[in-house]
Amino acid sequence: MGSRAKLILAAAVGCAFLLAVLLATGAVIGAGLEGEEHALFSAVLERRLGAVLMVVLVACVFLFLILRATHEFLVLPAARAAEEASAMLEEPSTRLSCQGNSELLALIAAVNRLAEQRQLRDKDIEATIRAANVAAEADRNRFAVLMSELAQGVIVCNMDGRVLLYNRRARALFAGAAGQGMAALGLGRSIFGLFDRHLIAYALENINVRRGAHRHFVAVTESGRLLRVLVAPILEAGATVAKGEAPEAASGLSGYMTMIEDMTETFDSESMRDQLLQDLTESSRGPVGNLRAAAETLYDYNDMSAEDHQRFLTVVRDEAEGLATRVETAARTFAAVLKSRWPLEEMLGADLLTAARSRISDRCALEASIEDVDAGVWIKVDGFSMLQAMTYFAARLRDEYQIHEVKLRLSRDGAMAHIDLIWSGVFMSTETVMQWELDALTVAGESSPLTVRDIVERNGGEVWFQRDHASYRAFFRFLLPAISAQDAAVTAVGVALADSRPEFYDFDLFKGEETGLALDDRVLAQLAFTVFDTETTGLEPSAGDEIIQIGAVRIVNRRLLRHEAFEQLIDPRRSLPPQSTKIHGITAEMLAGQPPIAQVLPIFRAFVADTVLVAHNAAFDMRFLELKEAATGIRFDRPVLDTFLLSAVLFPNQETHRLEAIAERLGVSVMGRHTAVGDAIVTAEVFLKMLPLLADKGIRTLGQAREASEKTYHARITY
Amino acid sequence: MATKILIADDEPNIVISLEFLLKREGYEVIVAHDGAQALERIRSERPDMAILDVMMPRRNGFEVCQDLRQDPEFKDLRIMMLTAKGRDTEVSKGLALGADVYMTKPFATRELIAKVKALIERV
């Protein structure tokens, strides 16, 4: 009931009450009057009735006015305050307006103070959340940098052996282990695809949880790299193992971390050193034994016949000669090992020149300048020793030939870089300067056991003296290994990857899987998917059309893992119709030298292992794979979902279920279509958008999705 | 009858010295150039002592030593082993397989002679 209706009702009730009081008064006065009293009363009543009614009417009007004033002064402000209060719930910045009687004003003021407090508290909470988010983001960034800069590979798994985290180094160690264009390592994949299950099980069994100890094992990758792996347990959050409790391997563990070092090169050079050491000791024992026996015999039995004497001398000569050769060879090999341990760094040639200029100016008190620099040249050198060598030459030029000005020049010649130390006017004999490179370095009091020749050799380079008669100039030319443009590109890609911060971890996977459930009963959102697409020579697999490209990406825990992609061109071993090139842009030249399908399918099957396959119009792609089954023996028997059919389930009234149309409908931007990976990414994004829509329709499990797909009209299309 | 000693080594340069030294000490010397030949000559010529190099073609010194010790006929044969590897593990292995003395190259010739004499004079 509205407040106005209440007012009218109250007025009516008040009037009725006044009337009733009047009638009751009349009745009380009239009751019990006899005879002339009654007649007198009636006459008085009759005569004054009009006036009485008037008084009543006036009383009613007064009553109404009083009620209305009360309503406006007490009820309406309270009602308005109530409305404002409910608006305040929606918009916390508004306040109740101050009107009404003093009691109401007090209430309104109290409510406004409460609102003020609440708003402040909300702001505090927001600020705290924001600060926490910023801190978490900073932690995440630090963590990502730490992980990507680690020289060791890191892989973190849950107890099922599912990979929760890996870093760039780990990826590099295993890249290509299972074939071209893919890695055996991926989020949600099994670590047992990388290491023998027994090695890890053994390491875990022997870890003493109480001491938080770790174990090592050595493993070899498919590509033959030798790895040293450290396994360390990760305790469950809040899990502390009480003292004295039996150290059961699995108790209190939520997973484990493996840290991987590549020992291949260390091992190679160490085993080479061992070999050398053995050559010099054990293998020398025999020859030295022969020599010693012969020498001692000669010494002790000087009465032997001339013939015997001659025989022993021959032994001594031969063995001594053999030993000399052996020592020489060992020394040379050892030098090579030493050289390989010389830490060379990749640097911009221009940087080395700038450093050389200031060092020469400082140390030799002569004018050094840079004449010409190819700014794009990267070199692989030990920068410090090269600076020493250049400074040494400059110092001798000044000391012995009073040269006061040198110039530096950098250029590139194929796989090598030239660094020239140039001076003009004074020529010296080649013999003289070539002697310099064999003298031990001394510059401004600093001396080194090394010679320029040693340094240049250790840097894998050469040095010579050259004259340019036309310009009256001469120079020392240092020839140093340059880094190929390709390597520089790899570095650039690495940097780009770091910028886009690839997501190599997902700790939600720690929880493990709901085991024991049949695949069909498992929730779609928790499954791992491989979303793939193929490009083909044509549309008729049964009529001899072949796959020419497979592209795939993975979805784990509802996240599209773009960095774990599969992309492979395939030689179809047949002609490529020119009209198909118009669609996918793949030419016959691109396919030349690519592996045939029989080589690619086993790798692709390893890539899709343990995942549900997803494709747009999957029947088409699956038909191509099926037709290869007899020839390759590779069977794709993982469950398949089709975004084409799922679209028909979700949008039964739409005319088209083309990938572009669905993408547009679901707000997925389409880029790079008609490359296999490009299409796979679009399909994956579409699929991810479909998952909540399917859930709205009650389709949550894999089995439900498959059943719904099969019921659509489109499921009857076959290829 | 002169004491007969077999030298088994594939390196002629050490055989020259050993043969000369032992002959000068008055022993009769026979030579084998590999393990198999050593076993043959020991069986046919019955020397009192064998000096076996470890690293030999066909049968190595360990195998020859082990074969001989398994045959009771040769329980009195003195066996000296020579090796170019000086590892303790190898010395232990040689002695465990039945060698009486183990010498590591390069050895002093006088010490070798002394050890041969001691072994021969052993009762």
# chains A, B, ... in the order shown; residues from 1 in each chain; ligands from 1
call {"tool": "interface_residues", "arguments": {"of": "chain A", "to": "chain B", "cutoff": "8 Å", "atoms": "only C-alpha atoms", "output": "compact mmCIF listing (two decimals) with N, CA and C atoms, in the first residue's frame"}}
result
# COMPACT_ATOMS: atom_id res chain seq x y z
N GLU A 282 100.12 -44.72 -18.31
CA GLU A 282 100.04 -46.16 -18.49
C GLU A 282 100.64 -46.63 -19.81
N SER A 283 100.28 -45.92 -20.87
CA SER A 283 100.74 -46.40 -22.16
C SER A 283 102.23 -46.16 -22.36
N SER A 284 102.80 -45.30 -21.52
CA SER A 284 104.24 -45.08 -21.64
C SER A 284 105.04 -46.11 -20.85
N ARG A 285 104.36 -46.79 -19.95
CA ARG A 285 105.08 -47.74 -19.10
C ARG A 285 105.81 -48.80 -19.91
N GLY A 286 105.11 -49.33 -20.93
CA GLY A 286 105.72 -50.38 -21.75
C GLY A 286 107.01 -49.90 -22.40
N VAL A 288 108.84 -47.28 -21.82
CA VAL A 288 109.86 -46.88 -20.84
C VAL A 288 110.49 -48.12 -20.22
N GLY A 289 109.64 -49.15 -19.99
CA GLY A 289 110.15 -50.42 -19.46
C GLY A 289 111.17 -51.03 -20.40
N ASN A 290 110.86 -51.01 -21.69
CA ASN A 290 111.79 -51.57 -22.67
C ASN A 290 113.11 -50.81 -22.65
N ARG A 292 114.34 -48.88 -20.28
CA ARG A 292 115.08 -49.02 -19.03
C ARG A 292 115.81 -50.36 -18.96
N ALA A 293 115.07 -51.43 -19.35
CA ALA A 293 115.70 -52.76 -19.31
C ALA A 293 116.91 -52.81 -20.23
N ALA A 294 116.74 -52.25 -21.43
CA ALA A 294 117.86 -52.27 -22.38
C ALA A 294 119.03 -51.45 -21.86
N GLU A 296 119.79 -50.56 -18.76
CA GLU A 296 120.42 -51.17 -17.59
C GLU A 296 121.27 -52.38 -17.98
N THR A 297 120.73 -53.13 -18.95
CA THR A 297 121.49 -54.29 -19.40
C THR A 297 122.80 -53.84 -20.03
N PHE A 312 121.00 -53.99 -28.50
CA PHE A 312 120.46 -53.17 -27.40
C PHE A 312 120.44 -51.69 -27.73
N VAL A 315 117.41 -51.00 -29.71
CA VAL A 315 116.22 -50.92 -28.86
C VAL A 315 116.15 -49.54 -28.21
call {"tool": "residues_around", "arguments": {"residues": "stretch 53-68 of chain B", "least_positions_apart": "3", "cutoff": "8 Å", "atoms": "only C-alpha atoms", "output": "PyMOL selection string"}}
result
chain B and resi 8-10+33-36+38-39+71+74-75+79+81-84+94+97-99
call {"tool": "residues_around", "arguments": {"residues": "stretch 359-361 of chain A", "least_positions_apart": "6", "cutoff": "6 Å", "atoms": "only C-alpha atoms", "output": "ChimeraX atom specification"}}
result
/A:367-368,391
call {"tool": "residues_around", "arguments": {"residues": "A:Leu480", "least_positions_apart": "6", "cutoff": "9 Å", "atoms": "only C-alpha atoms", "output": "ChimeraX atom specification"}}
result
/A:379-381,415-419,456,459-463
call {"tool": "write_last_selection", "arguments": {"atoms": "C-alpha atoms", "output": "PDB file, in the first residue's frame"}}
result
ATOM      1  CA  ILE A 379      82.616 -12.131 -33.388  1.00  0.00           C
ATOM      2  CA  LYS A 380      83.329 -14.942 -31.010  1.00  0.00           C
ATOM      3  CA  VAL A 381      86.446 -14.111 -29.019  1.00  0.00           C
ATOM      4  CA  ALA A 415      82.884 -16.603 -42.008  1.00  0.00           C
ATOM      5  CA  MET A 416      85.712 -14.454 -40.634  1.00  0.00           C
ATOM      6  CA  ALA A 417      86.047 -10.902 -39.420  1.00  0.00           C
ATOM      7  CA  HIS A 418      89.076  -8.691 -40.070  1.00  0.00           C
ATOM      8  CA  ILE A 419      90.323  -6.318 -37.431  1.00  0.00           C
ATOM      9  CA  VAL A 456      95.287 -15.524 -31.721  1.00  0.00           C
ATOM     10  CA  ASN A 459      90.717 -17.322 -30.329  1.00  0.00           C
ATOM     11  CA  GLY A 460      90.667 -19.583 -33.373  1.00  0.00           C
ATOM     12  CA  GLY A 461      92.162 -16.862 -35.579  1.00  0.00           C
ATOM     13  CA  GLU A 462      95.292 -15.711 -37.409  1.00  0.00           C
ATOM     14  CA  VAL A 463      97.413 -12.594 -37.540  1.00  0.00           C
TER      15      VAL A 463
END
call {"tool": "select_by_dssp", "arguments": {"residues": "stretch 269-400 of chain A", "states": "strand (DSSP E or B)", "output": "list in words"}}
result
Glu345, Glu346, Met347, Leu348, Glu367, Ala368, Ser369, Ile370, Glu371, Asp372, Val373, Trp378, Ile379, Lys380 and Val381 of chain A
call {"tool": "closest_residue", "arguments": {"among": "A:Gln310, A:Thr701, A:Thr258, A:Asn133", "to": "A:Val154", "atoms": "only C-alpha atoms"}}
result
A:Thr258
call {"tool": "select_by_dssp", "arguments": {"residues": "stretch 29-122 of chain B", "states": "helix (DSSP H, G or I)", "output": "CSV table (one decimal) with C-alpha atoms, in the first residue's frame"}}
result
chain,number,residue,atom,x,y,z
B,35,GLY,CA,99.1,-66.0,-24.9
B,36,ALA,CA,98.0,-69.0,-26.9
B,37,GLN,CA,101.6,-69.7,-27.9
B,38,ALA,CA,102.6,-69.4,-24.3
B,39,LEU,CA,100.1,-72.0,-23.2
B,40,GLU,CA,101.3,-74.4,-25.9
B,41,ARG,CA,105.0,-74.0,-25.1
B,42,ILE,CA,104.4,-74.4,-21.3
B,43,ARG,CA,102.4,-77.6,-21.9
B,44,SER,CA,105.0,-79.0,-24.3
B,45,GLU,CA,108.2,-77.8,-22.7
B,61,GLY,CA,98.3,-62.8,-19.3
B,62,PHE,CA,95.3,-63.1,-16.9
B,63,GLU,CA,93.7,-65.8,-19.0
B,64,VAL,CA,96.9,-67.8,-19.4
B,65,CYS,CA,97.6,-67.6,-15.6
B,66,GLN,CA,94.0,-68.6,-14.8
B,67,ASP,CA,94.2,-71.6,-17.2
B,68,LEU,CA,97.5,-72.8,-15.7
B,69,ARG,CA,96.3,-72.5,-12.1
B,70,GLN,CA,93.2,-74.5,-12.8
B,72,PRO,CA,96.9,-79.3,-10.9
B,73,GLU,CA,99.7,-80.3,-13.1
B,74,PHE,CA,101.1,-76.8,-13.0
B,88,ASP,CA,96.3,-51.5,-7.7
B,89,THR,CA,93.2,-53.3,-8.8
B,90,GLU,CA,95.1,-55.1,-11.5
B,91,VAL,CA,97.8,-56.2,-9.1
B,92,SER,CA,95.1,-57.6,-6.9
B,93,LYS,CA,93.5,-59.3,-9.8
B,94,GLY,CA,96.8,-60.9,-11.0
B,95,LEU,CA,97.6,-62.2,-7.5
B,96,ALA,CA,94.1,-63.4,-7.0
B,109,THR,CA,116.4,-55.1,-14.2
B,110,ARG,CA,118.3,-56.0,-11.0
B,111,GLU,CA,115.0,-56.2,-9.1
B,112,LEU,CA,113.5,-58.4,-11.7
B,113,ILE,CA,116.5,-60.8,-11.5
B,114,ALA,CA,116.4,-60.8,-7.7
B,115,LYS,CA,112.7,-61.7,-7.8
B,116,VAL,CA,113.2,-64.5,-10.4
B,117,LYS,CA,116.0,-65.9,-8.2
B,118,ALA,CA,113.9,-65.8,-5.1
B,119,LEU,CA,111.0,-67.5,-6.8
B,120,ILE,CA,113.2,-70.3,-8.3
B,121,GLU,CA,114.9,-70.9,-5.0
call {"tool": "residues_around", "arguments": {"residues": "A:Glu236", "least_positions_apart": "4", "cutoff": "6 Å", "atoms": "only C-alpha atoms", "output": "list in words"}}
result
Gly252, Leu253 and Ser254 of chain A
call {"tool": "write_last_selection", "arguments": {"atoms": "C-alpha atoms", "output": "CSV table (one decimal), in the first residue's frame"}}
result
chain,number,residue,atom,x,y,z
A,252,GLY,CA,53.8,-35.4,2.0
A,253,LEU,CA,55.0,-35.0,-1.6
A,254,SER,CA,53.0,-33.1,-4.1
call {"tool": "residues_around", "arguments": {"residues": "A:Leu194", "least_positions_apart": "4", "cutoff": "8 Å", "atoms": "only C-alpha atoms", "output": "number ranges by chain"}}
result
A: 174, 184-185, 190, 221
